[in-house]
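Before any comments, here is the structure.
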Amino acid sequence: MSDPIKNDKLIKQYNLELGKVFFYVNYLIIEVAEGVCFDYEKAKTLSLLTNLHFGNRSFGYISHRINSYSLEATDYMKIKDVFPNIKAFAAVTYNETQKTSIRIENMFYQEGIVSFENIEEAIKWVTEQLKNDSST
């Protein structure tokens, strides 16, 4: 993935079994790998990196859904346990199946996942959400 917004400096990229994770100052972009089942255990692995990069600061999470993968929607009920400092959750979707998946995921994640059709809009929204947060 190329740097989607030139003003935002990529801090660190990880190529993991679960997919690629791109860390910026106040948010991350995750591209889950094709065919992976993203579940609570994988989220806990990712949380080690969010703790390393963000510490106790609030951050934004962008799920860039360029690959086909599955997830455990009921695990969203535990997301605040895994990512207690998540302030904004966006997903970039490219087809109706992915949009339907977001609607289902939102039944389990009370804070809400906001869906976008391109990465630039998702980044813009996440950045706006974090501007008003004093812990970023």
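Starting from 1 in every chain, residues are counted up; chains themselves are A, B, ... following the order of the structure tokens, and ligands are numbered from 1 as listed.
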**Message:** Could you pull out the strand (DSSP E or B) residues of chain A, going by DSSP on the backbone, and write them as an MDAnalysis selection string?
**Reply:** chainID A and resid 12:16 19:23 27:32 37:38 59:64 70:71 86:92 114:116
Take the residues from that selection and put them in a file with N, CA and C atoms, as a tab-separated table (two decimals), in the first residue's frame.
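As a result, again.tsv now contains:
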```
chain	number	residue	atom	x	y	z
A	12	LYS	N	5.55	2.88	10.92
A	12	LYS	CA	6.06	1.51	10.89
A	12	LYS	C	5.06	0.62	10.17
A	13	GLN	N	5.57	-0.31	9.38
A	13	GLN	CA	4.73	-1.30	8.71
A	13	GLN	C	5.14	-2.68	9.21
A	14	TYR	N	4.13	-3.51	9.50
A	14	TYR	CA	4.36	-4.89	9.90
A	14	TYR	C	3.70	-5.81	8.88
A	15	ASN	N	4.42	-6.82	8.44
A	15	ASN	CA	3.85	-7.86	7.59
A	15	ASN	C	3.72	-9.11	8.45
A	16	LEU	N	2.51	-9.35	8.92
A	16	LEU	CA	2.24	-10.44	9.86
A	16	LEU	C	1.45	-11.55	9.17
A	19	GLY	N	-1.92	-10.34	8.40
A	19	GLY	CA	-2.02	-9.35	7.34
A	19	GLY	C	-0.99	-8.24	7.53
A	20	LYS	N	-1.19	-7.15	6.80
A	20	LYS	CA	-0.30	-5.99	6.89
A	20	LYS	C	-0.92	-4.94	7.80
A	21	VAL	N	-0.07	-4.34	8.63
A	21	VAL	CA	-0.53	-3.29	9.53
A	21	VAL	C	0.39	-2.09	9.35
A	22	PHE	N	-0.22	-0.93	9.10
A	22	PHE	CA	0.51	0.31	8.87
A	22	PHE	C	0.20	1.25	10.03
A	23	PHE	N	1.23	1.67	10.75
A	23	PHE	CA	1.05	2.57	11.88
A	23	PHE	C	1.43	4.00	11.50
A	27	TYR	N	-3.24	6.74	14.13
A	27	TYR	CA	-4.14	5.70	13.66
A	27	TYR	C	-3.35	4.58	13.00
A	28	LEU	N	-4.06	3.46	12.79
A	28	LEU	CA	-3.46	2.35	12.06
A	28	LEU	C	-4.40	1.96	10.94
A	29	ILE	N	-3.81	1.36	9.91
A	29	ILE	CA	-4.57	0.77	8.82
A	29	ILE	C	-4.18	-0.69	8.77
A	30	ILE	N	-5.18	-1.55	8.79
A	30	ILE	CA	-4.92	-2.99	8.72
A	30	ILE	C	-5.53	-3.54	7.44
A	31	GLU	N	-4.74	-4.36	6.76
A	31	GLU	CA	-5.20	-5.09	5.59
A	31	GLU	C	-5.07	-6.58	5.93
A	32	VAL	N	-6.16	-7.16	6.40
A	32	VAL	CA	-6.15	-8.56	6.80
A	32	VAL	C	-5.89	-9.42	5.56
A	37	CYS	N	-9.04	-15.95	9.19
A	37	CYS	CA	-10.18	-15.76	10.08
A	37	CYS	C	-9.71	-14.83	11.19
A	38	PHE	N	-10.14	-13.57	11.13
A	38	PHE	CA	-9.72	-12.58	12.14
A	38	PHE	C	-10.62	-12.74	13.35
A	59	PHE	N	-6.62	6.26	19.66
A	59	PHE	CA	-6.19	6.07	18.28
A	59	PHE	C	-7.36	5.67	17.41
A	60	GLY	N	-7.16	5.79	16.11
A	60	GLY	CA	-8.14	5.36	15.13
A	60	GLY	C	-7.72	4.05	14.49
A	61	TYR	N	-8.71	3.27	14.10
A	61	TYR	CA	-8.50	1.94	13.52
A	61	TYR	C	-9.22	1.92	12.18
A	62	ILE	N	-8.48	1.67	11.11
A	62	ILE	CA	-9.07	1.60	9.78
A	62	ILE	C	-8.85	0.19	9.22
A	63	SER	N	-9.94	-0.48	8.94
A	63	SER	CA	-9.90	-1.80	8.34
A	63	SER	C	-10.04	-1.61	6.83
A	64	HIS	N	-8.93	-1.80	6.11
A	64	HIS	CA	-8.92	-1.62	4.65
A	64	HIS	C	-9.17	-3.00	4.03
A	70	SER	N	-12.60	-13.84	6.76
A	70	SER	CA	-13.74	-13.97	7.66
A	70	SER	C	-13.38	-13.39	9.02
A	71	LEU	N	-14.41	-13.14	9.80
A	71	LEU	CA	-14.17	-12.67	11.17
A	71	LEU	C	-15.27	-13.18	12.06
A	86	ILE	N	-9.38	2.76	21.63
A	86	ILE	CA	-9.87	3.00	20.28
A	86	ILE	C	-10.91	4.11	20.32
A	87	LYS	N	-10.70	5.13	19.52
A	87	LYS	CA	-11.60	6.30	19.51
A	87	LYS	C	-12.48	6.32	18.26
A	88	ALA	N	-11.95	5.82	17.15
A	88	ALA	CA	-12.70	5.84	15.89
A	88	ALA	C	-12.40	4.56	15.13
A	89	PHE	N	-13.45	3.94	14.59
A	89	PHE	CA	-13.31	2.67	13.88
A	89	PHE	C	-13.95	2.84	12.51
A	90	ALA	N	-13.13	2.75	11.47
A	90	ALA	CA	-13.61	2.88	10.10
A	90	ALA	C	-13.29	1.62	9.32
A	91	ALA	N	-14.09	1.35	8.32
A	91	ALA	CA	-13.84	0.23	7.41
A	91	ALA	C	-14.02	0.73	5.99
A	92	VAL	N	-13.09	0.34	5.13
A	92	VAL	CA	-13.19	0.69	3.71
A	92	VAL	C	-13.66	-0.58	2.99
A	114	VAL	N	-17.84	2.86	11.05
A	114	VAL	CA	-18.30	3.72	9.96
A	114	VAL	C	-17.66	3.22	8.67
A	115	SER	N	-18.50	3.01	7.66
A	115	SER	CA	-18.04	2.44	6.40
A	115	SER	C	-17.76	3.54	5.37
A	116	PHE	N	-16.68	3.35	4.61
A	116	PHE	CA	-16.29	4.28	3.56
A	116	PHE	C	-15.98	3.51	2.29
```
**Request:** Give me the residues within 6 Å of Glu34 of chain A as a PyMOL selection string, counting only C-alpha atoms and dropping any in the same chain fewer than 4 places off.
**Result:** chain A and resi 67-69
**Request:** Could you give me, as a PyMOL selection string, each residue of chain A that DSSP assigns to alpha helix (DSSP H) when run on this structure's backbone?
**Result:** chain A and resi 40-54+79-82+96-108+119-131
**Residue nearest Tyr76 of chain A - candidates A:Asp8, A:Gln110, A:Thr50, A:Lys44, atoms counted: only C-alpha atoms** = A:Gln110
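Closest approach to Asp75 of chain A among A:Leu10, A:Asn26, A:His53, A:Asp39: A:Asp39, based on only C-alpha atoms.
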**Message:** So that I can see what lies close to Val82 of chain A, please list as a ChimeraX atom specification the residues with an atom at most 12 Å from it, counting only C-alpha atoms and leaving out residues fewer than 3 positions away in the same chain.
**Reply:** /A:39-51,75-79,85-86
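One distance worth recording is that between atom CA of Phe54 of chain A and atom CA of Lys80 of chain A, which is 15.0 Å.
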**Request:** Kindly indicate which residue among A:Met107, A:Ile102, A:Ile11, A:Val126 lies nearest to Val25 of chain A, using only C-alpha atoms for the distances.
**Result:** A:Ile11
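Between atom CA of Glu72 of chain A and atom CA of Ser58 of chain A there is a distance of 24.1 Å.
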**Item:** Point-to-point distance in Å for atom CA of Glu96 of chain A and atom CA of Ala73 of chain A
**Value:** 17.2 Å
